[in-house]
$ cat query.txt   # compact mmCIF, C-alpha atoms (C1' of nucleotides)
# COMPACT_ATOMS: atom_id res chain seq x y z
CA MET Y 1 16.77 5.51 -8.03
CA THR Y 2 17.08 2.22 -6.18
CA THR Y 3 14.00 0.19 -6.97
CA PRO Y 4 12.49 -1.27 -3.82
CA THR Y 5 11.09 -4.78 -3.96
CA LEU Y 6 7.46 -4.42 -2.96
CA ASP Y 7 4.84 -7.09 -2.43
CA VAL Y 8 1.67 -7.03 -4.52
CA PHE Y 9 -0.31 -5.24 -1.83
CA GLN Y 10 2.19 -2.43 -1.53
CA VAL Y 11 2.38 -2.25 -5.30
CA ILE Y 12 -1.31 -1.48 -5.75
CA GLY Y 13 -1.20 0.83 -2.75
CA ASP Y 14 0.10 3.59 -4.99
CA PRO Y 15 -2.61 5.46 -6.96
CA SER Y 16 -0.30 6.14 -9.91
CA ARG Y 17 0.44 2.45 -10.31
CA ARG Y 18 -3.27 1.60 -10.15
CA LYS Y 19 -3.88 4.18 -12.86
CA MET Y 20 -1.14 2.57 -14.96
CA LEU Y 21 -2.81 -0.83 -14.63
CA MET Y 22 -6.12 0.72 -15.67
CA LEU Y 23 -4.53 2.33 -18.73
CA LEU Y 24 -2.86 -0.94 -19.67
CA SER Y 25 -6.19 -2.74 -19.36
CA GLU Y 26 -7.27 -0.77 -22.42
CA ASP Y 27 -4.11 -1.13 -24.44
CA SER Y 28 -0.49 -2.16 -24.33
CA LEU Y 29 1.62 0.97 -24.10
CA THR Y 30 5.23 2.06 -24.25
CA ILE Y 31 6.85 3.73 -21.26
CA ASN Y 32 6.63 7.13 -22.93
CA SER Y 33 3.03 6.83 -24.03
CA LEU Y 34 2.19 5.77 -20.50
CA ALA Y 35 4.11 8.72 -19.10
CA ASP Y 36 1.99 11.11 -21.18
CA ASN Y 37 -0.87 10.34 -18.81
CA PHE Y 38 0.98 11.51 -15.72
CA ASP Y 39 2.32 14.72 -14.27
CA MET Y 40 5.45 13.08 -12.94
CA SER Y 41 8.75 12.86 -14.79
CA ARG Y 42 9.46 10.01 -17.16
CA PRO Y 43 12.10 8.43 -14.91
CA ALA Y 44 9.51 8.32 -12.15
CA VAL Y 45 7.13 6.45 -14.45
CA SER Y 46 9.99 4.19 -15.42
CA LYS Y 47 10.51 3.28 -11.79
CA HIS Y 48 6.85 2.45 -11.28
CA ILE Y 49 6.96 0.23 -14.33
CA LYS Y 50 9.89 -1.64 -12.87
CA ILE Y 51 7.98 -2.15 -9.65
CA LEU Y 52 4.91 -3.40 -11.51
CA TYR Y 53 7.12 -5.71 -13.54
CA ASN Y 54 8.93 -7.13 -10.51
CA ALA Y 55 5.62 -7.84 -8.80
CA GLY Y 56 4.28 -9.70 -11.84
CA PHE Y 57 1.61 -7.23 -12.91
CA ILE Y 58 3.03 -6.58 -16.36
CA SER Y 59 5.25 -8.12 -18.99
CA ILE Y 60 7.48 -6.12 -21.28
CA GLN Y 61 8.40 -6.68 -24.91
CA ASP Y 62 11.29 -4.72 -26.35
CA ILE Y 63 10.63 -3.61 -29.90
CA GLY Y 64 13.62 -1.68 -31.10
CA ARG Y 65 14.21 1.14 -28.68
CA GLU Y 66 10.64 0.98 -27.38
CA ARG Y 67 9.32 -1.13 -24.54
CA TYR Y 68 5.72 -2.26 -24.70
CA CYS Y 69 4.03 -2.96 -21.38
CA THR Y 70 1.22 -5.50 -21.22
CA LEU Y 71 -0.86 -6.66 -18.29
CA LYS Y 72 0.16 -9.99 -16.80
CA GLN Y 73 -2.07 -12.11 -14.58
CA ASP Y 74 0.45 -13.26 -11.96
CA GLY Y 75 0.32 -10.22 -9.71
CA PHE Y 76 -3.46 -10.12 -9.75
CA LYS Y 77 -3.76 -13.76 -8.76
CA GLU Y 78 -2.12 -13.17 -5.41
CA LEU Y 79 -4.61 -10.41 -4.68
CA GLN Y 80 -7.56 -12.53 -5.79
CA HIS Y 81 -6.41 -15.30 -3.52
CA TRP Y 82 -6.27 -12.97 -0.53
CA ILE Y 83 -9.64 -11.43 -1.27
CA SER Y 84 -11.28 -14.81 -1.81
CA TYR Y 85 -10.21 -15.85 1.69
CA PHE Y 86 -12.31 -13.05 3.10
CA ASP Y 87 -15.11 -13.68 0.62
CA LYS Y 88 -15.40 -17.13 2.16
CA PHE Y 89 -15.34 -15.57 5.60
CA TRP Y 90 -18.40 -13.46 4.80
CA THR Y 91 -20.41 -16.23 3.24
CA THR Y 92 -19.76 -18.67 6.09
CA LYS Y 93 -20.56 -15.94 8.59
CA LEU Y 94 -23.87 -15.41 6.82
CA LYS Y 95 -24.61 -19.12 6.93
CA LYS Y 96 -23.87 -19.27 10.64
CA LEU Y 97 -26.29 -16.42 11.27
CA GLU Y 98 -28.96 -18.19 9.24
CA THR Y 99 -28.55 -21.41 11.18
CA LEU Y 100 -28.66 -19.50 14.44
CA LEU Y 101 -31.83 -17.72 13.39
CA ASN Y 102 -33.50 -20.94 12.27
CA ASN Y 103 -32.75 -22.58 15.59
CA LYS Y 104 -34.18 -19.60 17.45
CA LEU Y 105 -37.38 -19.69 15.40
CA SER Y 106 -37.96 -23.39 15.91
CA ASN Y 107 -37.89 -23.00 19.69
CA MET B 108 0.38 10.18 16.50
CA THR B 109 -1.66 11.91 13.82
CA THR B 110 -3.69 9.24 12.08
CA PRO B 111 -3.40 9.55 8.31
CA THR B 112 -6.50 8.93 6.22
CA LEU B 113 -5.57 6.12 3.90
CA ASP B 114 -7.57 4.55 1.08
CA VAL B 115 -8.38 0.84 1.21
CA PHE B 116 -5.44 -0.08 -1.02
CA GLN B 117 -2.93 1.72 1.15
CA VAL B 118 -4.56 0.20 4.21
CA ILE B 119 -3.93 -3.39 3.15
CA GLY B 120 -0.49 -2.41 1.90
CA ASP B 121 0.82 -2.76 5.44
CA PRO B 122 1.68 -6.34 6.48
CA SER B 123 0.76 -5.74 10.12
CA ARG B 124 -2.71 -4.57 9.18
CA ARG B 125 -3.22 -7.59 6.94
CA LYS B 126 -2.20 -9.80 9.85
CA MET B 127 -4.72 -7.99 12.05
CA LEU B 128 -7.48 -8.67 9.53
CA MET B 129 -6.47 -12.33 9.44
CA LEU B 130 -6.57 -12.57 13.23
CA LEU B 131 -9.96 -10.89 13.32
CA SER B 132 -11.26 -13.34 10.73
CA GLU B 133 -10.91 -16.00 13.42
CA ASP B 134 -12.32 -14.02 16.30
CA SER B 135 -13.35 -10.59 17.48
CA LEU B 136 -10.58 -9.22 19.67
CA THR B 137 -9.85 -6.31 21.97
CA ILE B 138 -7.02 -3.89 21.18
CA ASN B 139 -4.81 -5.46 23.83
CA SER B 140 -5.45 -9.06 22.84
CA LEU B 141 -4.66 -8.08 19.26
CA ALA B 142 -1.49 -6.33 20.40
CA ASP B 143 -0.29 -9.56 22.02
CA ASN B 144 0.27 -10.91 18.53
CA PHE B 145 2.68 -8.16 17.55
CA ASP B 146 6.13 -6.95 18.46
CA MET B 147 5.17 -3.31 18.23
CA SER B 148 3.95 -1.18 21.11
CA ARG B 149 0.28 -1.02 22.02
CA PRO B 150 -0.14 2.58 20.84
CA ALA B 151 1.19 1.50 17.44
CA VAL B 152 -1.44 -1.23 17.27
CA SER B 153 -4.01 1.30 18.38
CA LYS B 154 -3.11 3.51 15.44
CA HIS B 155 -3.44 0.66 12.96
CA ILE B 156 -6.85 -0.16 14.38
CA LYS B 157 -7.95 3.42 13.85
CA ILE B 158 -6.78 3.24 10.24
CA LEU B 159 -8.62 -0.04 9.68
CA TYR B 160 -11.70 1.46 11.26
CA ASN B 161 -11.60 4.65 9.18
CA ALA B 162 -11.27 2.62 5.99
CA GLY B 163 -14.29 0.46 6.86
CA PHE B 164 -12.49 -2.83 7.52
CA ILE B 165 -13.62 -3.21 11.10
CA SER B 166 -16.32 -2.10 13.51
CA ILE B 167 -15.72 -1.50 17.19
CA GLN B 168 -17.97 -2.15 20.16
CA ASP B 169 -17.05 -0.59 23.47
CA ILE B 170 -17.72 -2.92 26.35
CA GLY B 171 -16.67 -1.18 29.53
CA ARG B 172 -13.09 -0.14 29.16
CA GLU B 173 -12.48 -2.68 26.43
CA ARG B 174 -12.96 -2.23 22.70
CA TYR B 175 -13.88 -5.26 20.65
CA CYS B 176 -12.84 -5.18 17.01
CA THR B 177 -14.88 -7.11 14.46
CA LEU B 178 -14.43 -7.45 10.72
CA LYS B 179 -16.71 -5.28 8.60
CA GLN B 180 -17.41 -5.86 4.93
CA ASP B 181 -17.31 -2.28 3.60
CA GLY B 182 -13.57 -2.00 3.15
CA PHE B 183 -13.34 -5.36 1.43
CA LYS B 184 -16.05 -4.50 -1.06
CA GLU B 185 -14.01 -1.71 -2.61
CA LEU B 186 -11.16 -4.12 -3.13
CA GLN B 187 -13.41 -6.79 -4.57
CA HIS B 188 -14.82 -4.28 -7.00
CA TRP B 189 -11.37 -3.29 -8.22
CA ILE B 190 -10.23 -6.88 -8.56
CA SER B 191 -13.39 -7.90 -10.38
CA TYR B 192 -12.69 -5.26 -13.03
CA PHE B 193 -9.47 -7.05 -13.90
CA ASP B 194 -11.10 -10.46 -13.58
CA LYS B 195 -13.38 -9.37 -16.40
CA PHE B 196 -10.38 -8.13 -18.34
CA TRP B 197 -8.79 -11.57 -18.25
CA THR B 198 -11.91 -13.49 -19.20
CA THR B 199 -12.72 -11.20 -22.14
CA LYS B 200 -9.11 -11.36 -23.27
CA LEU B 201 -9.36 -15.14 -23.26
CA LYS B 202 -12.55 -15.01 -25.28
CA LYS B 203 -10.95 -12.71 -27.84
CA LEU B 204 -8.07 -15.13 -28.25
CA GLU B 205 -10.49 -18.01 -28.73
CA THR B 206 -12.42 -16.16 -31.41
CA LEU B 207 -9.19 -15.21 -33.14
CA LEU B 208 -8.01 -18.79 -33.07
CA ASN B 209 -11.30 -20.11 -34.39
CA ASN B 210 -11.20 -17.67 -37.30
CA LYS B 211 -7.65 -18.69 -38.12
CA LEU B 212 -8.60 -22.36 -38.11
CA SER B 213 -11.62 -21.89 -40.37
CA ASN B 214 -9.49 -20.26 -43.09
C1' DA R 215 -10.74 5.80 48.00
C1' DT R 216 -7.01 3.56 45.74
C1' DA R 217 -4.80 0.66 42.63
C1' DA R 218 -4.76 -1.63 38.38
C1' DT R 219 -6.14 -2.16 33.75
C1' DA R 220 -7.64 -0.75 28.85
C1' DA R 221 -7.10 2.39 25.74
C1' DG R 222 -6.39 7.15 23.49
C1' DT R 223 -3.33 11.26 22.65
C1' DA R 224 0.81 14.22 22.10
C1' DA R 225 5.33 15.00 20.68
C1' DC R 226 8.98 13.26 18.57
C1' DT R 227 12.30 10.26 15.48
C1' DT R 228 13.53 7.31 11.75
C1' DT R 229 13.26 5.42 7.33
C1' DA R 230 12.03 4.40 2.88
C1' DA R 231 8.90 5.40 -0.91
C1' DG R 232 8.28 8.64 -4.43
C1' DG R 233 9.81 12.34 -6.59
C1' DT R 234 13.55 15.26 -8.93
C1' DT R 235 17.60 16.48 -12.28
C1' DA R 236 21.66 15.18 -14.82
C1' DC R 237 23.91 11.85 -17.42
C1' DA R 238 24.49 7.33 -20.13
C1' DT R 239 23.13 4.11 -23.71
C1' DA R 240 21.20 2.29 -27.71
C1' DA R 241 18.24 2.32 -31.71
C1' DA R 242 16.15 4.87 -35.57
C1' DA R 243 16.10 8.73 -38.76
C1' DG R 244 18.24 12.53 -41.49
C1' DC O 245 28.01 9.87 -39.13
C1' DT O 246 25.27 13.13 -36.64
C1' DT O 247 20.99 13.92 -34.46
C1' DT O 248 16.94 12.66 -32.35
C1' DT O 249 14.21 9.61 -29.70
C1' DA O 250 13.23 5.98 -26.10
C1' DT O 251 14.70 4.47 -22.14
C1' DG O 252 17.72 3.25 -18.02
C1' DT O 253 20.72 4.70 -14.09
C1' DA O 254 22.88 7.50 -10.40
C1' DA O 255 22.74 10.73 -6.83
C1' DC O 256 20.06 13.31 -4.33
C1' DC O 257 15.87 15.54 -1.68
C1' DT O 258 11.35 15.61 0.63
C1' DT O 259 7.73 13.86 3.06
C1' DA O 260 4.75 11.04 5.42
C1' DA O 261 4.00 6.49 7.32
C1' DA O 262 5.24 3.75 11.14
C1' DG O 263 7.29 3.42 15.09
C1' DT O 264 8.67 5.14 19.88
C1' DT O 265 7.98 7.01 24.92
C1' DA O 266 5.45 9.71 28.24
C1' DC O 267 1.18 11.15 29.80
C1' DT O 268 -4.02 11.28 30.24
C1' DT O 269 -8.59 9.39 30.79
C1' DA O 270 -11.92 6.18 32.11
C1' DT O 271 -13.50 1.85 33.86
C1' DT O 272 -13.08 -2.08 36.99
C1' DA O 273 -11.41 -4.37 41.07
C1' DT O 274 -9.76 -4.36 45.92
$ encode --input "query.txt" --output "C-alpha cells"
Amino acid sequence: MTTPTLDVFQVIGDPSRRKMLMLLSEDSLTINSLADNFDMSRPAVSKHIKILYNAGFISIQDIGRERYCTLKQDGFKELQHWISYFDKFWTTKLKKLETLLNNKLSN
Amino acid sequence: MTTPTLDVFQVIGDPSRRKMLMLLSEDSLTINSLADNFDMSRPAVSKHIKILYNAGFISIQDIGRERYCTLKQDGFKELQHWISYFDKFWTTKLKKLETLLNNKLSN
DNA sequence: ATAATAAGTAACTTTAAGGTTACATAAAAG
DNA sequence: CTTTTATGTAACCTTAAAGTTACTTATTAT
C-alpha cells in the first residue's frame, strides 16, 4: 500500500479522513480505536493515518505497542491561510460596492 | 465527460481548480480566457468550471456566446465553517492548558 | 449566407487513490 | 516461551477523476 504524498487540500478531500479529524477533536485515539468507527479494514485506516500524519494534521505517540493519534495544528494552518485570502476578497469586495453606492447616491 | 458531483472539499482538492479560483479573485473571466492560463484542453477547463459552479464557488453570466465566471461565496462558506470548528478546538485547548498550568502553580 | 468564434457534449483512455487480503513484527499477557 | 494484541507492509484490484479528441450548437462578424 504505497502511501501517496498528498497536499493538505487533497488530504481533507476524503470524507473518512475528515471524520477521523472530527473524532480526534474529541479525544486522542489509537489506530484500532479509531478503526472501530469505520467500515473499512484496519490497514486502510492505517494508511489514512499515515497520510494525515505526513500532511501535519496529527502527531503520534507510541506507547508500548499502541500508537496514540493527536490533532496537530500545522496542517490546519495551511488551510486557514488559504481561506483567509478569500475572506479578505469578500470583505474588500463589499467595501468596493459600498463606496460605489455612496458615490451614486451623492450624485 | 460526465461531470461528477463533488463536495466542496473534493472541489478544492484539485490544484487546477484552486488556481482557477485564484485567477477569478482578480477578475471575472470567460471560459476561454481562463483556459489560456492552463496547459489542459478547453473542454477540460470547461468541466472544472462546471464542478466549481455546482459546488457554489462561482456564478456564471452568459453574455452572447461568452460565459463570464465570477466568484461566489456559497462554496467558501462551507469550508470556513469546517475550519472554524477546528479553530475553536485550538483556542479551547489552549485555555485548558492555561487553567491546568495555573492550578499547578498555585499548589 | 458563410465563416469564425465560444462553449457544451459524447465517447473513450489513463492513472492513482482507496480499498482489499495475506503476511511480518513487536510488545504485552498467560 | 507461547499466545494474543496492535500495528505496519506488500501485492494486488477496482473505480472514478481528470484528461483527451471529435463533433455539435449557438452567437457574432464579414
$ closest_atom_pairs --input "query.txt" --of "chain B" --to "chain Y" --cutoff "7 Å" --atoms "all atoms listed in the file" --output "JSON lines"
{"residue": "B:Phe116", "atom": "CA", "partner": "Y:Gly13", "partner_atom": "CA", "distance": 4.7}
{"residue": "B:Gln117", "atom": "CA", "partner": "Y:Gly13", "partner_atom": "CA", "distance": 4.4}
{"residue": "B:Ile119", "atom": "CA", "partner": "Y:Phe9", "partner_atom": "CA", "distance": 6.4}
{"residue": "B:Gly120", "atom": "CA", "partner": "Y:Gln10", "partner_atom": "CA", "distance": 4.4}
{"residue": "B:Ser132", "atom": "CA", "partner": "Y:Phe89", "partner_atom": "CA", "distance": 6.9}
{"residue": "B:Gln187", "atom": "CA", "partner": "Y:Ile83", "partner_atom": "CA", "distance": 6.8}
{"residue": "B:Ile190", "atom": "CA", "partner": "Y:Gln80", "partner_atom": "CA", "distance": 6.8}
{"residue": "B:Phe196", "atom": "CA", "partner": "Y:Ser25", "partner_atom": "CA", "distance": 6.9}
$ atom_distance --input "query.txt" --atom1 "C1' of DT235 (chain R)" --atom2 "CA of Thr3 (chain Y)"
17.5 Å
$ closest_residue --input "query.txt" --among "B:Cys176, B:His188, B:Leu130, B:Pro150" --to "DA266 (chain O)" --atoms "all atoms listed in the file"
B:Pro150
$ residues_around --input "query.txt" --residues "region 163-167 of chain B" --least-positions-apart "2" --cutoff "6 Å" --atoms "only C-alpha atoms (C1' of nucleotides)" --output "PDB file with C-alpha atoms, keeping the file's coordinate frame"
ATOM      1  CA  LEU B 159      -8.620  -0.040   9.680  1.00  0.00           C
ATOM      2  CA  TYR B 160     -11.700   1.460  11.260  1.00  0.00           C
ATOM      3  CA  ASN B 161     -11.600   4.650   9.180  1.00  0.00           C
ATOM      4  CA  TYR B 175     -13.880  -5.260  20.650  1.00  0.00           C
ATOM      5  CA  CYS B 176     -12.840  -5.180  17.010  1.00  0.00           C
ATOM      6  CA  THR B 177     -14.880  -7.110  14.460  1.00  0.00           C
ATOM      7  CA  LEU B 178     -14.430  -7.450  10.720  1.00  0.00           C
ATOM      8  CA  LYS B 179     -16.710  -5.280   8.600  1.00  0.00           C
ATOM      9  CA  ASP B 181     -17.310  -2.280   3.600  1.00  0.00           C
ATOM     10  CA  GLY B 182     -13.570  -2.000   3.150  1.00  0.00           C
TER      11      GLY B 182
END
$ closest_residue --input "query.txt" --among "B:Asn210, B:Leu141, B:Glu205, B:Ser123" --to "chain O" --atoms "only C-alpha atoms (C1' of nucleotides)"
B:Ser123
$ atom_distance --input "query.txt" --atom1 "C1' of DA255 (chain O)" --atom2 "C1' of DT234 (chain R)"
10.5 Å
$ closest_atom_pairs --input "query.txt" --of "chain R" --to "chain B" --cutoff "10 Å" --atoms "all atoms listed in the file" --output "JSON lines"
{"residue": "R:DT219", "atom": "C1'", "partner": "B:Arg172", "partner_atom": "CA", "distance": 8.6}
{"residue": "R:DA220", "atom": "C1'", "partner": "B:Arg172", "partner_atom": "CA", "distance": 5.5}
{"residue": "R:DA221", "atom": "C1'", "partner": "B:Arg172", "partner_atom": "CA", "distance": 7.3}
{"residue": "R:DG222", "atom": "C1'", "partner": "B:Ser153", "partner_atom": "CA", "distance": 8.1}
{"residue": "R:DT223", "atom": "C1'", "partner": "B:Met108", "partner_atom": "CA", "distance": 7.3}
{"residue": "R:DA224", "atom": "C1'", "partner": "B:Met108", "partner_atom": "CA", "distance": 6.9}
{"residue": "R:DA225", "atom": "C1'", "partner": "B:Met108", "partner_atom": "CA", "distance": 8.1}
{"residue": "R:DC226", "atom": "C1'", "partner": "B:Met108", "partner_atom": "CA", "distance": 9.4}
$ decode --input "query.txt" --residues "region 215-236 of chain R" --atoms "N, CA, C and O atoms (P, O5', C5', C4', C3', O3' and C1' of nucleotides)" --output "mmCIF file, in the first residue's frame"
data_model
loop_
_atom_site.group_PDB
_atom_site.id
_atom_site.type_symbol
_atom_site.label_atom_id
_atom_site.label_comp_id
_atom_site.auth_asym_id
_atom_site.auth_seq_id
_atom_site.Cartn_x
_atom_site.Cartn_y
_atom_site.Cartn_z
ATOM 1 P P DA R 215 -29.992 33.951 -46.284
ATOM 2 O "O5'" DA R 215 -28.606 33.820 -47.036
ATOM 3 C "C5'" DA R 215 -28.343 32.695 -47.893
ATOM 4 C "C4'" DA R 215 -26.852 32.633 -48.010
ATOM 5 C "C3'" DA R 215 -26.246 31.381 -47.397
ATOM 6 O "O3'" DA R 215 -25.215 30.951 -48.258
ATOM 7 C "C1'" DA R 215 -25.340 33.285 -46.326
ATOM 8 P P DT R 216 -24.228 29.855 -47.955
ATOM 9 O "O5'" DT R 216 -23.111 30.671 -47.143
ATOM 10 C "C5'" DT R 216 -22.254 31.559 -47.853
ATOM 11 C "C4'" DT R 216 -20.971 31.745 -47.055
ATOM 12 C "C3'" DT R 216 -20.396 30.473 -46.445
ATOM 13 O "O3'" DT R 216 -18.982 30.537 -46.554
ATOM 14 C "C1'" DT R 216 -20.887 31.995 -44.725
ATOM 15 P P DA R 217 -18.014 29.372 -46.066
ATOM 16 O "O5'" DA R 217 -17.163 30.140 -44.959
ATOM 17 C "C5'" DA R 217 -16.713 31.460 -45.237
ATOM 18 C "C4'" DA R 217 -16.151 32.047 -43.960
ATOM 19 C "C3'" DA R 217 -15.296 31.073 -43.152
ATOM 20 O "O3'" DA R 217 -14.152 31.776 -42.692
ATOM 21 C "C1'" DA R 217 -17.082 31.856 -41.813
ATOM 22 P P DA R 218 -13.006 31.110 -41.834
ATOM 23 O "O5'" DA R 218 -13.286 31.705 -40.382
ATOM 24 C "C5'" DA R 218 -13.413 33.118 -40.231
ATOM 25 C "C4'" DA R 218 -13.772 33.412 -38.791
ATOM 26 C "C3'" DA R 218 -12.938 32.630 -37.767
ATOM 27 O "O3'" DA R 218 -12.611 33.525 -36.723
ATOM 28 C "C1'" DA R 218 -15.220 32.242 -37.382
ATOM 29 P P DT R 219 -11.509 33.206 -35.643
ATOM 30 O "O5'" DT R 219 -12.379 33.191 -34.320
ATOM 31 C "C5'" DT R 219 -13.230 34.300 -34.039
ATOM 32 C "C4'" DT R 219 -14.227 33.901 -32.975
ATOM 33 C "C3'" DT R 219 -13.600 33.171 -31.785
ATOM 34 O "O3'" DT R 219 -13.935 33.913 -30.628
ATOM 35 C "C1'" DT R 219 -15.547 32.076 -32.538
ATOM 36 P P DA R 220 -13.357 33.540 -29.201
ATOM 37 O "O5'" DA R 220 -14.632 32.830 -28.566
ATOM 38 C "C5'" DA R 220 -15.777 33.602 -28.218
ATOM 39 C "C4'" DA R 220 -16.710 32.750 -27.410
ATOM 40 C "C3'" DA R 220 -16.011 31.942 -26.308
ATOM 41 O "O3'" DA R 220 -16.738 32.106 -25.102
ATOM 42 C "C1'" DA R 220 -17.216 30.480 -27.744
ATOM 43 P P DA R 221 -16.206 31.414 -23.759
ATOM 44 O "O5'" DA R 221 -16.976 30.035 -23.830
ATOM 45 C "C5'" DA R 221 -18.416 30.061 -23.805
ATOM 46 C "C4'" DA R 221 -18.949 28.710 -24.145
ATOM 47 C "C3'" DA R 221 -18.527 27.587 -23.206
ATOM 48 O "O3'" DA R 221 -19.660 27.205 -22.437
ATOM 49 C "C1'" DA R 221 -18.612 26.913 -25.483
ATOM 50 P P DG R 222 -19.570 26.061 -21.338
ATOM 51 O "O5'" DG R 222 -20.372 24.868 -22.025
ATOM 52 C "C5'" DG R 222 -21.709 25.122 -22.481
ATOM 53 C "C4'" DG R 222 -22.251 23.881 -23.163
ATOM 54 C "C3'" DG R 222 -22.133 22.602 -22.331
ATOM 55 O "O3'" DG R 222 -23.337 21.848 -22.496
ATOM 56 C "C1'" DG R 222 -21.008 22.301 -24.379
ATOM 57 P P DT R 223 -23.537 20.484 -21.687
ATOM 58 O "O5'" DT R 223 -23.129 19.377 -22.769
ATOM 59 C "C5'" DT R 223 -23.732 19.429 -24.054
ATOM 60 C "C4'" DT R 223 -23.412 18.143 -24.801
ATOM 61 C "C3'" DT R 223 -23.339 16.897 -23.928
ATOM 62 O "O3'" DT R 223 -23.963 15.846 -24.643
ATOM 63 C "C1'" DT R 223 -21.316 17.164 -25.089
ATOM 64 P P DA R 224 -24.229 14.443 -23.881
ATOM 65 O "O5'" DA R 224 -23.343 13.459 -24.779
ATOM 66 C "C5'" DA R 224 -23.207 13.711 -26.178
ATOM 67 C "C4'" DA R 224 -22.318 12.644 -26.786
ATOM 68 C "C3'" DA R 224 -22.236 11.348 -25.989
ATOM 69 O "O3'" DA R 224 -22.167 10.265 -26.902
ATOM 70 C "C1'" DA R 224 -20.084 12.309 -26.138
ATOM 71 P P DA R 225 -22.227 8.755 -26.325
ATOM 72 O "O5'" DA R 225 -20.742 8.240 -26.604
ATOM 73 C "C5'" DA R 225 -20.084 8.603 -27.830
ATOM 74 C "C4'" DA R 225 -18.648 8.135 -27.761
ATOM 75 C "C3'" DA R 225 -18.445 6.856 -26.942
ATOM 76 O "O3'" DA R 225 -17.533 6.019 -27.630
ATOM 77 C "C1'" DA R 225 -17.083 8.567 -26.084
ATOM 78 P P DC R 226 -17.223 4.540 -27.030
ATOM 79 O "O5'" DC R 226 -15.696 4.693 -26.596
ATOM 80 C "C5'" DC R 226 -14.789 5.438 -27.422
ATOM 81 C "C4'" DC R 226 -13.594 5.871 -26.604
ATOM 82 C "C3'" DC R 226 -13.052 4.805 -25.651
ATOM 83 O "O3'" DC R 226 -11.834 4.273 -26.162
ATOM 84 C "C1'" DC R 226 -13.031 6.997 -24.695
ATOM 85 P P DT R 227 -10.963 3.266 -25.246
ATOM 86 O "O5'" DT R 227 -9.961 4.237 -24.483
ATOM 87 C "C5'" DT R 227 -9.201 5.200 -25.225
ATOM 88 C "C4'" DT R 227 -8.091 5.747 -24.344
ATOM 89 C "C3'" DT R 227 -7.345 4.692 -23.533
ATOM 90 O "O3'" DT R 227 -5.956 5.009 -23.565
ATOM 91 C "C1'" DT R 227 -8.324 6.274 -22.065
ATOM 92 P P DT R 228 -4.893 4.121 -22.824
ATOM 93 O "O5'" DT R 228 -4.539 4.965 -21.528
ATOM 94 C "C5'" DT R 228 -4.300 6.363 -21.659
ATOM 95 C "C4'" DT R 228 -4.040 6.952 -20.300
ATOM 96 C "C3'" DT R 228 -3.144 6.102 -19.394
ATOM 97 O "O3'" DT R 228 -2.205 6.988 -18.833
ATOM 98 C "C1'" DT R 228 -5.175 6.577 -18.299
ATOM 99 P P DT R 229 -0.978 6.467 -17.937
ATOM 100 O "O5'" DT R 229 -1.421 6.884 -16.465
ATOM 101 C "C5'" DT R 229 -1.910 8.202 -16.251
ATOM 102 C "C4'" DT R 229 -2.416 8.308 -14.833
ATOM 103 C "C3'" DT R 229 -1.575 7.545 -13.810
ATOM 104 O "O3'" DT R 229 -1.535 8.327 -12.647
ATOM 105 C "C1'" DT R 229 -3.794 6.803 -13.698
ATOM 106 P P DA R 230 -0.224 8.331 -11.723
ATOM 107 O "O5'" DA R 230 -0.819 8.781 -10.330
ATOM 108 C "C5'" DA R 230 -1.954 9.642 -10.307
ATOM 109 C "C4'" DA R 230 -2.932 9.137 -9.275
ATOM 110 C "C3'" DA R 230 -2.289 8.528 -8.029
ATOM 111 O "O3'" DA R 230 -3.131 8.812 -6.939
ATOM 112 C "C1'" DA R 230 -3.708 6.970 -8.968
ATOM 113 P P DA R 231 -2.503 9.322 -5.571
ATOM 114 O "O5'" DA R 231 -3.795 9.552 -4.676
ATOM 115 C "C5'" DA R 231 -4.962 10.116 -5.262
ATOM 116 C "C4'" DA R 231 -6.181 9.314 -4.868
ATOM 117 C "C3'" DA R 231 -6.218 8.904 -3.400
ATOM 118 O "O3'" DA R 231 -7.540 9.076 -2.953
ATOM 119 C "C1'" DA R 231 -6.423 6.987 -4.749
ATOM 120 P P DG R 232 -7.877 9.047 -1.417
ATOM 121 O "O5'" DG R 232 -8.492 7.590 -1.237
ATOM 122 C "C5'" DG R 232 -9.755 7.291 -1.825
ATOM 123 C "C4'" DG R 232 -10.027 5.819 -1.672
ATOM 124 C "C3'" DG R 232 -9.799 5.300 -0.242
ATOM 125 O "O3'" DG R 232 -10.961 4.629 0.205
ATOM 126 C "C1'" DG R 232 -8.721 3.922 -1.829
ATOM 127 P P DG R 233 -11.047 4.147 1.719
ATOM 128 O "O5'" DG R 233 -10.933 2.554 1.583
ATOM 129 C "C5'" DG R 233 -12.016 1.824 1.036
ATOM 130 C "C4'" DG R 233 -11.544 0.572 0.360
ATOM 131 C "C3'" DG R 233 -10.969 -0.520 1.263
ATOM 132 O "O3'" DG R 233 -11.987 -1.246 1.916
ATOM 133 C "C1'" DG R 233 -9.813 -0.377 -0.822
ATOM 134 P P DT R 234 -11.542 -2.287 3.074
ATOM 135 O "O5'" DT R 234 -10.994 -3.567 2.281
ATOM 136 C "C5'" DT R 234 -11.774 -4.165 1.236
ATOM 137 C "C4'" DT R 234 -10.958 -5.260 0.576
ATOM 138 C "C3'" DT R 234 -10.333 -6.241 1.553
ATOM 139 O "O3'" DT R 234 -11.145 -7.384 1.690
ATOM 140 C "C1'" DT R 234 -8.722 -5.495 -0.070
ATOM 141 P P DT R 235 -10.853 -8.344 2.968
ATOM 142 O "O5'" DT R 235 -9.583 -9.203 2.513
ATOM 143 C "C5'" DT R 235 -9.618 -9.969 1.301
ATOM 144 C "C4'" DT R 235 -8.276 -10.638 1.094
ATOM 145 C "C3'" DT R 235 -7.816 -11.545 2.240
ATOM 146 O "O3'" DT R 235 -7.205 -12.713 1.716
ATOM 147 C "C1'" DT R 235 -6.205 -9.857 1.873
ATOM 148 P P DA R 236 -6.801 -13.890 2.702
ATOM 149 O "O5'" DA R 236 -5.215 -13.730 2.743
ATOM 150 C "C5'" DA R 236 -4.495 -13.585 1.517
ATOM 151 C "C4'" DA R 236 -3.015 -13.492 1.831
ATOM 152 C "C3'" DA R 236 -2.550 -14.371 3.001
ATOM 153 O "O3'" DA R 236 -1.263 -14.903 2.704
ATOM 154 C "C1'" DA R 236 -2.089 -12.126 3.491
#
